[in-house]
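Structure first, then comments.
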Amino acid sequence: MTRAPWEDRINPVRMALEQALELAAQGIPVFPCLANKKPACRHGFKQATSTPIEVEELWRASPGVRIGVPTGEASGLFCLDVDTARHPEAVQWHERFAQQLPQTRLHKTESGGWHYLFQHHEGLRCTSSKIERGIDTRGDGGYIIWWPAHVVSIEHRFMPAAPVPDWLVEALNPKPVHTLSYYASPQRFADAPRRLEGILTKIAEAREGERNAITFWGACRIGEMVLTGELNGGDGARAFDALREAAQRTGLHPSEIRRTIESALR
């Protein structure tokens, strides 16, 4: 019988499958990915499995040379992706905070960055440069490439995943902004403080992909409150300071916030 190309033991697909089966035997769900790190199978990480027969069937139907592992509840893992190879800001962040990260599983990535693997933490999802440019996270709804299967490095750290440190959870899910201290002056409109707090809270809780739009919306609303007299000049200035702080907590850079506010006030 003629062997399929993927069945050749030196074939990269076969090599990936063998290592995927080893991970599956440890209870880690896997799925095939292409060389460009995109899923090889139609439904991506949603098809990940730790059942050996299903792993083989998945690779047979959708050959992949890389191994993908879903993050979040599916695998019990949360990943802090530090791209020190491409972003100097990530290098600076890593130099500053690496010592505050607990001893946990660590993978050296193909590009020269780092994957810190922690235990799954409810409420932590995927982010891109939220805490700093070049610092991404992968939680519920995401996946990572399992680099030890593809990159030989003495810098991998094979140990149990530690809990996500509290300070990192807080950085990713900041508490709602408290705004009353920003506008203590008497108001002509009794509901102005409540309305402003609602605006700023909505900005602070904006998710990636909607941050600029919600910041623009908030700047428009605060501008209207100043124009209509709901906020006097001094309180309006403090309200915009609060808006900038709320937007920064979502991961927007000050220059982006400034441009968004200027655009809203034209």
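Labels used: A, B, ... for chains in the order of the structure tokens, numbers from 1 for residues in each chain, and numbers from 1 for ligands as shown.
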
Please report as JSON lines every residue of segment 111-179 of chain A lying within 9 Å of segment 63-86 of chain A, along with the nearest atom pair and their distance in Å (one decimal), using only C-alpha atoms.
```
{"residue": "A:Ser111", "atom": "CA", "partner": "A:Ala85", "partner_atom": "CA", "distance": 6.2}
{"residue": "A:Gly112", "atom": "CA", "partner": "A:Ala85", "partner_atom": "CA", "distance": 5.4}
{"residue": "A:Gly113", "atom": "CA", "partner": "A:Asp83", "partner_atom": "CA", "distance": 4.6}
{"residue": "A:Trp114", "atom": "CA", "partner": "A:Val82", "partner_atom": "CA", "distance": 5.1}
{"residue": "A:His115", "atom": "CA", "partner": "A:Asp81", "partner_atom": "CA", "distance": 4.8}
{"residue": "A:Tyr116", "atom": "CA", "partner": "A:Leu80", "partner_atom": "CA", "distance": 5.0}
{"residue": "A:Leu117", "atom": "CA", "partner": "A:Cys79", "partner_atom": "CA", "distance": 4.7}
{"residue": "A:Phe118", "atom": "CA", "partner": "A:Phe78", "partner_atom": "CA", "distance": 5.0}
{"residue": "A:Gln119", "atom": "CA", "partner": "A:Leu77", "partner_atom": "CA", "distance": 4.8}
{"residue": "A:His120", "atom": "CA", "partner": "A:Leu77", "partner_atom": "CA", "distance": 4.5}
{"residue": "A:His121", "atom": "CA", "partner": "A:Phe78", "partner_atom": "CA", "distance": 7.0}
{"residue": "A:Glu122", "atom": "CA", "partner": "A:Glu73", "partner_atom": "CA", "distance": 7.9}
{"residue": "A:Leu124", "atom": "CA", "partner": "A:Phe78", "partner_atom": "CA", "distance": 7.9}
{"residue": "A:Arg125", "atom": "CA", "partner": "A:Gly72", "partner_atom": "CA", "distance": 7.4}
{"residue": "A:Cys126", "atom": "CA", "partner": "A:Cys79", "partner_atom": "CA", "distance": 9.0}
{"residue": "A:Arg133", "atom": "CA", "partner": "A:Asp83", "partner_atom": "CA", "distance": 8.8}
{"residue": "A:Gly134", "atom": "CA", "partner": "A:Asp83", "partner_atom": "CA", "distance": 5.2}
{"residue": "A:Ile135", "atom": "CA", "partner": "A:Val82", "partner_atom": "CA", "distance": 4.8}
{"residue": "A:Asp136", "atom": "CA", "partner": "A:Asp81", "partner_atom": "CA", "distance": 5.0}
{"residue": "A:Thr137", "atom": "CA", "partner": "A:Leu80", "partner_atom": "CA", "distance": 4.7}
{"residue": "A:Arg138", "atom": "CA", "partner": "A:Cys79", "partner_atom": "CA", "distance": 5.0}
{"residue": "A:Gly139", "atom": "CA", "partner": "A:Gly72", "partner_atom": "CA", "distance": 4.3}
{"residue": "A:Asp140", "atom": "CA", "partner": "A:Gly72", "partner_atom": "CA", "distance": 4.0}
{"residue": "A:Gly141", "atom": "CA", "partner": "A:Gly72", "partner_atom": "CA", "distance": 6.9}
{"residue": "A:Gly142", "atom": "CA", "partner": "A:Thr71", "partner_atom": "CA", "distance": 5.5}
{"residue": "A:Tyr143", "atom": "CA", "partner": "A:Pro70", "partner_atom": "CA", "distance": 4.0}
{"residue": "A:Ile144", "atom": "CA", "partner": "A:Val69", "partner_atom": "CA", "distance": 5.5}
{"residue": "A:Ile145", "atom": "CA", "partner": "A:Gly68", "partner_atom": "CA", "distance": 4.6}
{"residue": "A:Trp146", "atom": "CA", "partner": "A:Ile67", "partner_atom": "CA", "distance": 5.8}
{"residue": "A:Trp147", "atom": "CA", "partner": "A:Ile67", "partner_atom": "CA", "distance": 8.1}
{"residue": "A:Ala149", "atom": "CA", "partner": "A:Ile67", "partner_atom": "CA", "distance": 7.4}
{"residue": "A:His150", "atom": "CA", "partner": "A:Arg66", "partner_atom": "CA", "distance": 7.2}
{"residue": "A:Ala161", "atom": "CA", "partner": "A:Leu77", "partner_atom": "CA", "distance": 7.6}
{"residue": "A:Val164", "atom": "CA", "partner": "A:Phe78", "partner_atom": "CA", "distance": 7.9}
```

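Across segment 134-239 of chain A, DSSP run on the backbone finds strand (DSSP E or B) at Ile135, Asp136, Thr137, Arg138, Asp140, Tyr143, Ile144, Ile145, Arg157 and Ala162 of chain A.
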
Writing out the chosen residues with all heavy atoms as a compact mmCIF listing (two decimals), in the first residue's frame:
```
# COMPACT_ATOMS: atom_id res chain seq x y z
N ILE A 135 2.72 43.75 24.00
CA ILE A 135 2.34 42.82 25.07
C ILE A 135 0.89 42.39 24.81
O ILE A 135 -0.03 43.18 24.99
CB ILE A 135 2.44 43.46 26.47
CG1 ILE A 135 3.83 44.07 26.68
CG2 ILE A 135 2.14 42.41 27.55
CD1 ILE A 135 4.96 43.07 26.75
N ASP A 136 0.72 41.16 24.35
CA ASP A 136 -0.62 40.64 24.06
C ASP A 136 -0.99 39.56 25.07
O ASP A 136 -0.12 39.05 25.79
CB ASP A 136 -0.67 40.04 22.64
CG ASP A 136 -0.34 41.06 21.56
OD1 ASP A 136 -0.49 42.27 21.82
OD2 ASP A 136 0.10 40.64 20.48
N THR A 137 -2.25 39.21 25.12
CA THR A 137 -2.68 38.11 25.99
C THR A 137 -3.60 37.18 25.20
O THR A 137 -4.27 37.61 24.26
CB THR A 137 -3.42 38.60 27.25
OG1 THR A 137 -4.66 39.22 26.86
CG2 THR A 137 -2.57 39.57 28.04
N ARG A 138 -3.60 35.93 25.60
CA ARG A 138 -4.49 34.95 24.99
C ARG A 138 -5.20 34.19 26.11
O ARG A 138 -4.57 33.47 26.89
CB ARG A 138 -3.69 33.97 24.11
CG ARG A 138 -3.04 34.64 22.90
CD ARG A 138 -4.09 35.12 21.92
NE ARG A 138 -3.50 35.82 20.77
CZ ARG A 138 -3.36 37.13 20.69
NH1 ARG A 138 -3.77 37.90 21.68
NH2 ARG A 138 -2.84 37.69 19.62
N ASP A 140 -9.70 33.14 27.03
CA ASP A 140 -10.88 32.57 26.38
C ASP A 140 -11.05 33.16 24.98
O ASP A 140 -10.96 34.36 24.78
CB ASP A 140 -12.14 32.85 27.22
CG ASP A 140 -12.27 31.90 28.39
OD1 ASP A 140 -11.90 30.72 28.24
OD2 ASP A 140 -12.74 32.34 29.46
N TYR A 143 -5.86 31.22 21.01
CA TYR A 143 -4.99 30.06 20.97
C TYR A 143 -3.54 30.51 20.82
O TYR A 143 -3.26 31.68 20.51
CB TYR A 143 -5.37 29.12 19.82
CG TYR A 143 -5.06 29.65 18.42
CD1 TYR A 143 -3.84 29.35 17.80
CD2 TYR A 143 -5.97 30.44 17.73
CE1 TYR A 143 -3.55 29.83 16.53
CE2 TYR A 143 -5.69 30.91 16.46
CZ TYR A 143 -4.47 30.61 15.86
OH TYR A 143 -4.19 31.09 14.60
N ILE A 144 -2.62 29.59 21.05
CA ILE A 144 -1.20 29.85 20.87
C ILE A 144 -0.58 28.71 20.08
O ILE A 144 -1.16 27.62 19.99
CB ILE A 144 -0.46 29.98 22.22
CG1 ILE A 144 -0.65 28.70 23.05
CG2 ILE A 144 -0.91 31.22 22.99
CD1 ILE A 144 0.18 28.64 24.32
N ILE A 145 0.59 28.95 19.52
CA ILE A 145 1.39 27.88 18.95
C ILE A 145 2.23 27.30 20.10
O ILE A 145 2.80 28.04 20.90
CB ILE A 145 2.31 28.39 17.82
CG1 ILE A 145 1.46 28.98 16.69
CG2 ILE A 145 3.20 27.26 17.31
CD1 ILE A 145 0.52 27.99 16.01
N ARG A 157 10.98 26.92 29.90
CA ARG A 157 10.90 26.54 31.32
C ARG A 157 9.72 25.60 31.47
O ARG A 157 8.57 26.01 31.35
CB ARG A 157 10.73 27.78 32.20
CG ARG A 157 10.77 27.51 33.70
CD ARG A 157 10.28 28.72 34.47
NE ARG A 157 11.13 29.88 34.24
CZ ARG A 157 10.71 31.15 34.37
NH1 ARG A 157 9.45 31.39 34.69
NH2 ARG A 157 11.53 32.15 34.16
N ALA A 162 1.54 28.76 36.94
CA ALA A 162 1.18 29.43 38.20
C ALA A 162 -0.10 30.25 37.99
O ALA A 162 -0.49 30.53 36.85
CB ALA A 162 2.32 30.33 38.64
```

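Proximity to Ala171 of chain A was assessed for A:Leu265, A:Ile131, A:Val55, A:Leu196 counting only C-alpha atoms; the smallest distance is recorded for A:Ile131.
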
For atom CA of Ser263 of chain A and atom CA of Glu230 of chain A, the interatomic separation in Å (one decimal):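 Rounded to one decimal, the two atoms are 21.4 Å apart.
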
Within 10 Å of Ile257 of chain A using only C-alpha atoms, minus same-chain residues under 2 positions, as a VMD selection string: chain A and resid 211 to 212 215 to 216 219 243 to 245 247 to 248 252 to 255 259 to 263

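The coordinates place atom CA of Val13 of chain A at 20.1 Å from atom CA of Lys46 of chain A.
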
Per-residue DSSP, segment 166-264 of chain A, filtered to alpha helix (DSSP H), as a VMD selection string: chain A and resid 166 to 172 192 to 204 211 to 227 233 to 249 254 to 264

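Residues in contact with Val226 of chain A at 9 Å, where only C-alpha atoms are counted and same-chain residues fewer than 5 positions away are skipped, are listed as Arg221, Leu231, Asn232, Gly233, Asp235 and Gly236 of chain A.
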
Using only C-alpha atoms: which of A:Asp241, A:Gln103, A:Trp93, A:Ser50 has the shortest distance to Ala25 of chain A: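 That would be A:Ser50, the residue with the smallest distance to Ala25 of chain A.
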
Non-local contacts of Met159 of chain A (9 Å; only C-alpha atoms; under 5 positions in same chain excluded) as a list in words: Gln103, Thr104, Arg105 and Leu106 of chain A

Distance of atom CA of Ser128 of chain A from atom CA of Leu58 of chain A, expressed in Å to one decimal place: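 Value for the atom CA of Leu58 of chain A-atom CA of Ser128 of chain A distance: 29.2 Å.
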
Polymer residues at most 9 Å from Trp217 of chain A, only C-alpha atoms, same-chain spacing of 3 or more positions, as a ChimeraX atom specification: /A:199,203,212-214,220-222,264

Distance query Lys130 of chain A at most 7 Å, only C-alpha atoms, self and fewer than 3 positions along chain excluded, as JSON, numbers by chain: {"A": [127, 250, 251]}
